[in-house]
>>> print(open('input29.txt').read())   # compact mmCIF, C-alpha atoms
# COMPACT_ATOMS: atom_id res chain seq x y z
CA MET I 1 95.31 66.29 -127.15
CA LYS I 2 97.32 63.75 -129.10
CA ILE I 3 99.57 63.18 -126.09
CA ILE I 4 96.57 62.39 -123.89
CA LEU I 5 95.06 59.92 -126.37
CA LYS I 6 98.42 58.29 -127.14
CA ASN I 7 98.40 56.22 -123.93
CA ILE I 8 94.85 54.91 -124.45
CA ASN I 9 94.28 51.66 -126.34
CA SER I 10 91.76 51.37 -129.19
CA THR I 11 88.99 49.76 -127.13
CA ARG I 12 89.05 52.65 -124.67
CA LYS I 13 89.06 55.17 -127.52
CA ARG I 14 86.02 53.42 -128.99
CA GLY I 15 84.29 53.69 -125.62
CA LEU I 16 84.87 57.45 -125.54
CA LEU I 17 83.75 57.78 -129.15
CA ILE I 18 80.57 55.79 -128.46
CA VAL I 19 79.66 58.08 -125.57
CA LEU I 20 80.38 61.23 -127.59
CA ILE I 21 78.30 60.07 -130.56
CA TRP I 22 75.53 58.99 -128.16
CA LEU I 23 75.48 62.50 -126.67
CA PHE I 24 75.38 63.93 -130.20
CA SER I 25 72.39 61.73 -131.12
CA MET I 26 70.50 62.95 -128.06
CA THR I 27 71.40 66.57 -128.88
CA LEU I 28 70.29 66.09 -132.49
CA SER I 29 66.92 64.83 -131.29
CA TYR I 30 66.54 67.98 -129.21
CA LEU I 31 67.73 70.35 -131.97
CA VAL I 32 65.28 69.14 -134.64
CA GLU I 33 62.28 69.67 -132.36
CA PRO I 34 61.64 73.31 -133.50
CA PHE I 35 61.17 72.03 -137.09
CA ARG I 36 58.24 69.82 -136.05
CA GLY I 37 55.46 71.96 -137.49
CA ARG I 38 57.29 74.13 -140.03
CA ILE I 39 59.74 72.03 -142.05
CA ILE I 40 58.50 68.50 -141.53
CA TRP I 41 61.14 66.63 -143.54
CA ILE I 42 63.99 68.04 -141.42
CA TYR I 43 62.16 66.93 -138.30
CA GLN I 44 61.39 63.45 -139.66
CA TYR I 45 64.90 62.73 -140.94
CA GLY I 46 66.53 64.23 -137.86
CA LYS I 47 64.43 62.11 -135.51
CA MET I 48 65.01 58.97 -137.58
CA ILE I 49 68.78 59.50 -137.73
CA SER I 50 68.85 60.24 -134.02
CA LEU I 51 66.87 57.10 -133.18
CA LEU I 52 68.99 54.85 -135.39
CA MET I 53 72.20 56.26 -133.92
CA PHE I 54 70.84 55.85 -130.39
CA LEU I 55 69.80 52.22 -130.87
CA GLY I 56 73.00 51.33 -132.75
CA LEU I 57 75.15 52.87 -130.05
CA ILE I 58 73.39 50.89 -127.32
CA PHE I 59 74.42 47.69 -129.10
CA SER I 60 77.93 49.07 -129.74
CA SER I 61 78.23 50.05 -126.09
CA LEU I 62 77.40 46.54 -124.95
CA LEU I 63 79.87 44.97 -127.40
CA ASN I 64 82.65 47.38 -126.47
CA THR I 65 82.09 46.65 -122.78
CA ILE I 66 82.41 42.93 -123.45
CA PHE I 67 85.65 43.57 -125.36
CA LEU I 68 86.99 45.72 -122.53
CA ILE I 69 86.24 43.06 -119.93
CA SER I 70 87.69 40.20 -121.96
CA GLU I 71 90.76 42.20 -123.02
CA ASN I 72 91.67 43.37 -119.50
CA LYS I 73 90.56 40.44 -117.39
CA PRO I 74 93.55 40.37 -114.99
CA ASP I 75 93.30 44.06 -114.06
CA SER I 76 89.56 44.62 -114.29
CA LYS I 77 89.60 46.69 -111.12
CA ASN I 78 92.06 49.14 -112.67
CA ASN I 79 89.88 49.48 -115.76
CA LEU I 80 86.57 49.83 -113.95
CA ILE I 81 86.18 53.49 -114.92
CA TRP I 82 86.66 52.63 -118.60
CA ILE I 83 84.12 49.83 -118.34
CA PHE I 84 81.65 52.23 -116.72
CA ILE I 85 82.22 54.89 -119.39
CA SER I 86 81.64 52.33 -122.10
CA THR I 87 78.36 51.14 -120.54
CA ILE I 88 76.80 54.60 -120.08
CA PRO I 89 74.52 54.42 -123.18
CA PHE I 90 73.39 50.89 -122.29
CA LEU I 91 72.76 51.83 -118.65
CA TYR I 92 70.75 54.86 -119.77
CA PHE I 93 68.60 52.64 -122.00
CA VAL I 94 68.02 50.14 -119.17
CA PHE I 95 67.14 53.01 -116.80
CA ILE I 96 64.57 54.41 -119.25
CA LEU I 97 63.03 50.95 -119.73
CA PHE I 98 62.86 50.55 -115.96
CA MET I 99 61.18 53.95 -115.55
CA ILE I 100 58.60 53.02 -118.21
CA ALA I 101 57.95 49.68 -116.52
CA ILE I 102 57.26 51.16 -113.08
CA LYS I 103 55.13 54.03 -114.40
CA PRO I 104 51.56 53.59 -113.16
CA ALA I 105 49.01 53.00 -115.92
CA TYR I 106 46.20 55.50 -115.65
>>> encode(input="input29.txt", output="structure tokens")
Amino acid sequence: MKIILKNINSTRKRGLLIVLIWLFSMTLSYLVEPFRGRIIWIYQYGKMISLLMFLGLIFSSLLNTIFLISENKPDSKNNLIWIFISTIPFLYFVFILFMIAIKPAY
């Protein structure tokens, strides 16, 4: 594993870490759901931690994408996959906002 990550610069590693922590925050939100009626404090703290991680990682994702683009301006086409990986949490957030906006109001 160390050999694979040795050839990746720190901005790309941050992009992978952001996506992994983002997936963990979504999993945490799902895992605390059974505690909703029984042990309320686990549910409340789990949801709050998950939400704060989710919102913080959206901002981090956007910043890391900007760093990736500015750092690798000459070969942006070669780094397009890394830019896409870094923007996954932000794109998910924009997609959810779009889905809420087009939902018909009944």
>>> closest_residue(input="input29.txt", among="I:Phe35, I:Phe90, I:Phe98, I:Tyr45", to="Ser60 (chain I)", atoms="all atoms listed in the file")
I:Phe90
>>> closest_residue(input="input29.txt", among="I:Ile42, I:Ser86, I:Phe59, I:Leu52", to="Leu20 (chain I)", atoms="all atoms listed in the file")
I:Ser86
>>> residues_around(input="input29.txt", residues="region 26-29 of chain I", least_positions_apart="3", cutoff="10 Å", atoms="all atoms listed in the file", output="PyMOL selection string")
chain I and resi 21-23+32-33+43+46-51+53-54
>>> atom_distance(input="input29.txt", atom1="CA of Trp82 (chain I)", atom2="CA of Gly15 (chain I)")
7.5 Å
>>> atom_distance(input="input29.txt", atom1="CA of Phe84 (chain I)", atom2="CA of Ile66 (chain I)")
11.5 Å
>>> atom_distance(input="input29.txt", atom1="CA of Leu68 (chain I)", atom2="CA of Arg12 (chain I)")
7.5 Å
>>> residues_around(input="input29.txt", residues="Ser10 (chain I)", least_positions_apart="4", cutoff="12 Å", atoms="all atoms listed in the file", output="mmCIF file with C-alpha atoms, in the coordinates of the input")
data_model
loop_
_atom_site.group_PDB
_atom_site.id
_atom_site.type_symbol
_atom_site.label_atom_id
_atom_site.label_comp_id
_atom_site.auth_asym_id
_atom_site.auth_seq_id
_atom_site.Cartn_x
_atom_site.Cartn_y
_atom_site.Cartn_z
ATOM 1 C CA LEU I 5 95.060 59.920 -126.370
ATOM 2 C CA LYS I 6 98.420 58.290 -127.140
ATOM 3 C CA ARG I 14 86.020 53.420 -128.990
ATOM 4 C CA GLY I 15 84.290 53.690 -125.620
ATOM 5 C CA LEU I 16 84.870 57.450 -125.540
ATOM 6 C CA LEU I 17 83.750 57.780 -129.150
ATOM 7 C CA ASN I 64 82.650 47.380 -126.470
ATOM 8 C CA PHE I 67 85.650 43.570 -125.360
ATOM 9 C CA LEU I 68 86.990 45.720 -122.530
ATOM 10 C CA GLU I 71 90.760 42.200 -123.020
ATOM 11 C CA TRP I 82 86.660 52.630 -118.600
#
>>> closest_residue(input="input29.txt", among="I:Ile100, I:Ile83, I:Gly56, I:Trp41", to="Lys13 (chain I)", atoms="only C-alpha atoms")
I:Ile83
>>> decode(input="input29.txt", residues="region 49-74 of chain I", atoms="N, CA and C atoms", output="PDB file, in the first residue's frame")
ATOM      1  N   ILE I  49     -22.645  14.741  14.554  1.00  0.00           N
ATOM      2  CA  ILE I  49     -21.269  14.536  14.082  1.00  0.00           C
ATOM      3  C   ILE I  49     -21.262  14.250  12.586  1.00  0.00           C
ATOM      4  N   SER I  50     -22.197  13.429  12.143  1.00  0.00           N
ATOM      5  CA  SER I  50     -22.292  13.098  10.724  1.00  0.00           C
ATOM      6  C   SER I  50     -22.583  14.342   9.885  1.00  0.00           C
ATOM      7  N   LEU I  51     -23.501  15.173  10.339  1.00  0.00           N
ATOM      8  CA  LEU I  51     -23.848  16.391   9.600  1.00  0.00           C
ATOM      9  C   LEU I  51     -22.679  17.369   9.546  1.00  0.00           C
ATOM     10  N   LEU I  52     -22.003  17.558  10.684  1.00  0.00           N
ATOM     11  CA  LEU I  52     -20.864  18.483  10.704  1.00  0.00           C
ATOM     12  C   LEU I  52     -19.725  17.990   9.816  1.00  0.00           C
ATOM     13  N   MET I  53     -19.476  16.679   9.841  1.00  0.00           N
ATOM     14  CA  MET I  53     -18.446  16.121   8.960  1.00  0.00           C
ATOM     15  C   MET I  53     -18.844  16.313   7.502  1.00  0.00           C
ATOM     16  N   PHE I  54     -20.097  16.041   7.186  1.00  0.00           N
ATOM     17  CA  PHE I  54     -20.583  16.154   5.815  1.00  0.00           C
ATOM     18  C   PHE I  54     -20.424  17.581   5.288  1.00  0.00           C
ATOM     19  N   LEU I  55     -20.889  18.556   6.074  1.00  0.00           N
ATOM     20  CA  LEU I  55     -20.806  19.952   5.624  1.00  0.00           C
ATOM     21  C   LEU I  55     -19.361  20.447   5.564  1.00  0.00           C
ATOM     22  N   GLY I  56     -18.537  20.042   6.524  1.00  0.00           N
ATOM     23  CA  GLY I  56     -17.127  20.432   6.505  1.00  0.00           C
ATOM     24  C   GLY I  56     -16.379  19.836   5.320  1.00  0.00           C
ATOM     25  N   LEU I  57     -16.726  18.610   4.970  1.00  0.00           N
ATOM     26  CA  LEU I  57     -16.048  17.956   3.856  1.00  0.00           C
ATOM     27  C   LEU I  57     -16.479  18.509   2.508  1.00  0.00           C
ATOM     28  N   ILE I  58     -17.672  19.061   2.420  1.00  0.00           N
ATOM     29  CA  ILE I  58     -18.081  19.722   1.172  1.00  0.00           C
ATOM     30  C   ILE I  58     -17.185  20.926   0.924  1.00  0.00           C
ATOM     31  N   PHE I  59     -16.974  21.722   1.977  1.00  0.00           N
ATOM     32  CA  PHE I  59     -16.091  22.884   1.867  1.00  0.00           C
ATOM     33  C   PHE I  59     -14.656  22.447   1.577  1.00  0.00           C
ATOM     34  N   SER I  60     -14.185  21.412   2.273  1.00  0.00           N
ATOM     35  CA  SER I  60     -12.827  20.896   2.050  1.00  0.00           C
ATOM     36  C   SER I  60     -12.666  20.370   0.632  1.00  0.00           C
ATOM     37  N   SER I  61     -13.700  19.723   0.126  1.00  0.00           N
ATOM     38  CA  SER I  61     -13.662  19.193  -1.230  1.00  0.00           C
ATOM     39  C   SER I  61     -13.487  20.315  -2.248  1.00  0.00           C
ATOM     40  N   LEU I  62     -14.230  21.382  -2.057  1.00  0.00           N
ATOM     41  CA  LEU I  62     -14.129  22.522  -2.971  1.00  0.00           C
ATOM     42  C   LEU I  62     -12.743  23.158  -2.903  1.00  0.00           C
ATOM     43  N   LEU I  63     -12.216  23.340  -1.698  1.00  0.00           N
ATOM     44  CA  LEU I  63     -10.875  23.920  -1.555  1.00  0.00           C
ATOM     45  C   LEU I  63      -9.798  23.027  -2.159  1.00  0.00           C
ATOM     46  N   ASN I  64      -9.894  21.731  -1.922  1.00  0.00           N
ATOM     47  CA  ASN I  64      -8.892  20.814  -2.459  1.00  0.00           C
ATOM     48  C   ASN I  64      -8.944  20.784  -3.987  1.00  0.00           C
ATOM     49  N   THR I  65     -10.131  20.887  -4.550  1.00  0.00           N
ATOM     50  CA  THR I  65     -10.252  20.935  -6.006  1.00  0.00           C
ATOM     51  C   THR I  65      -9.584  22.182  -6.573  1.00  0.00           C
ATOM     52  N   ILE I  66      -9.775  23.301  -5.898  1.00  0.00           N
ATOM     53  CA  ILE I  66      -9.128  24.546  -6.335  1.00  0.00           C
ATOM     54  C   ILE I  66      -7.609  24.399  -6.260  1.00  0.00           C
ATOM     55  N   PHE I  67      -7.111  23.786  -5.178  1.00  0.00           N
ATOM     56  CA  PHE I  67      -5.666  23.559  -5.063  1.00  0.00           C
ATOM     57  C   PHE I  67      -5.155  22.633  -6.161  1.00  0.00           C
ATOM     58  N   LEU I  68      -5.917  21.586  -6.462  1.00  0.00           N
ATOM     59  CA  LEU I  68      -5.506  20.661  -7.517  1.00  0.00           C
ATOM     60  C   LEU I  68      -5.432  21.357  -8.874  1.00  0.00           C
ATOM     61  N   ILE I  69      -6.401  22.185  -9.174  1.00  0.00           N
ATOM     62  CA  ILE I  69      -6.429  22.876 -10.458  1.00  0.00           C
ATOM     63  C   ILE I  69      -5.292  23.888 -10.549  1.00  0.00           C
ATOM     64  N   SER I  70      -5.078  24.651  -9.483  1.00  0.00           N
ATOM     65  CA  SER I  70      -4.021  25.665  -9.528  1.00  0.00           C
ATOM     66  C   SER I  70      -2.626  25.045  -9.494  1.00  0.00           C
ATOM     67  N   GLU I  71      -2.481  23.911  -8.814  1.00  0.00           N
ATOM     68  CA  GLU I  71      -1.181  23.258  -8.707  1.00  0.00           C
ATOM     69  C   GLU I  71      -0.769  22.580 -10.014  1.00  0.00           C
ATOM     70  N   ASN I  72      -1.728  22.041 -10.742  1.00  0.00           N
ATOM     71  CA  ASN I  72      -1.436  21.264 -11.947  1.00  0.00           C
ATOM     72  C   ASN I  72      -2.020  21.913 -13.200  1.00  0.00           C
ATOM     73  N   LYS I  73      -1.915  23.213 -13.291  1.00  0.00           N
ATOM     74  CA  LYS I  73      -2.522  23.920 -14.419  1.00  0.00           C
ATOM     75  C   LYS I  73      -2.022  23.453 -15.787  1.00  0.00           C
ATOM     76  N   PRO I  74      -0.738  23.243 -16.003  1.00  0.00           N
ATOM     77  CA  PRO I  74      -0.293  22.847 -17.339  1.00  0.00           C
ATOM     78  C   PRO I  74      -0.840  21.488 -17.791  1.00  0.00           C
TER      79      PRO I  74
END
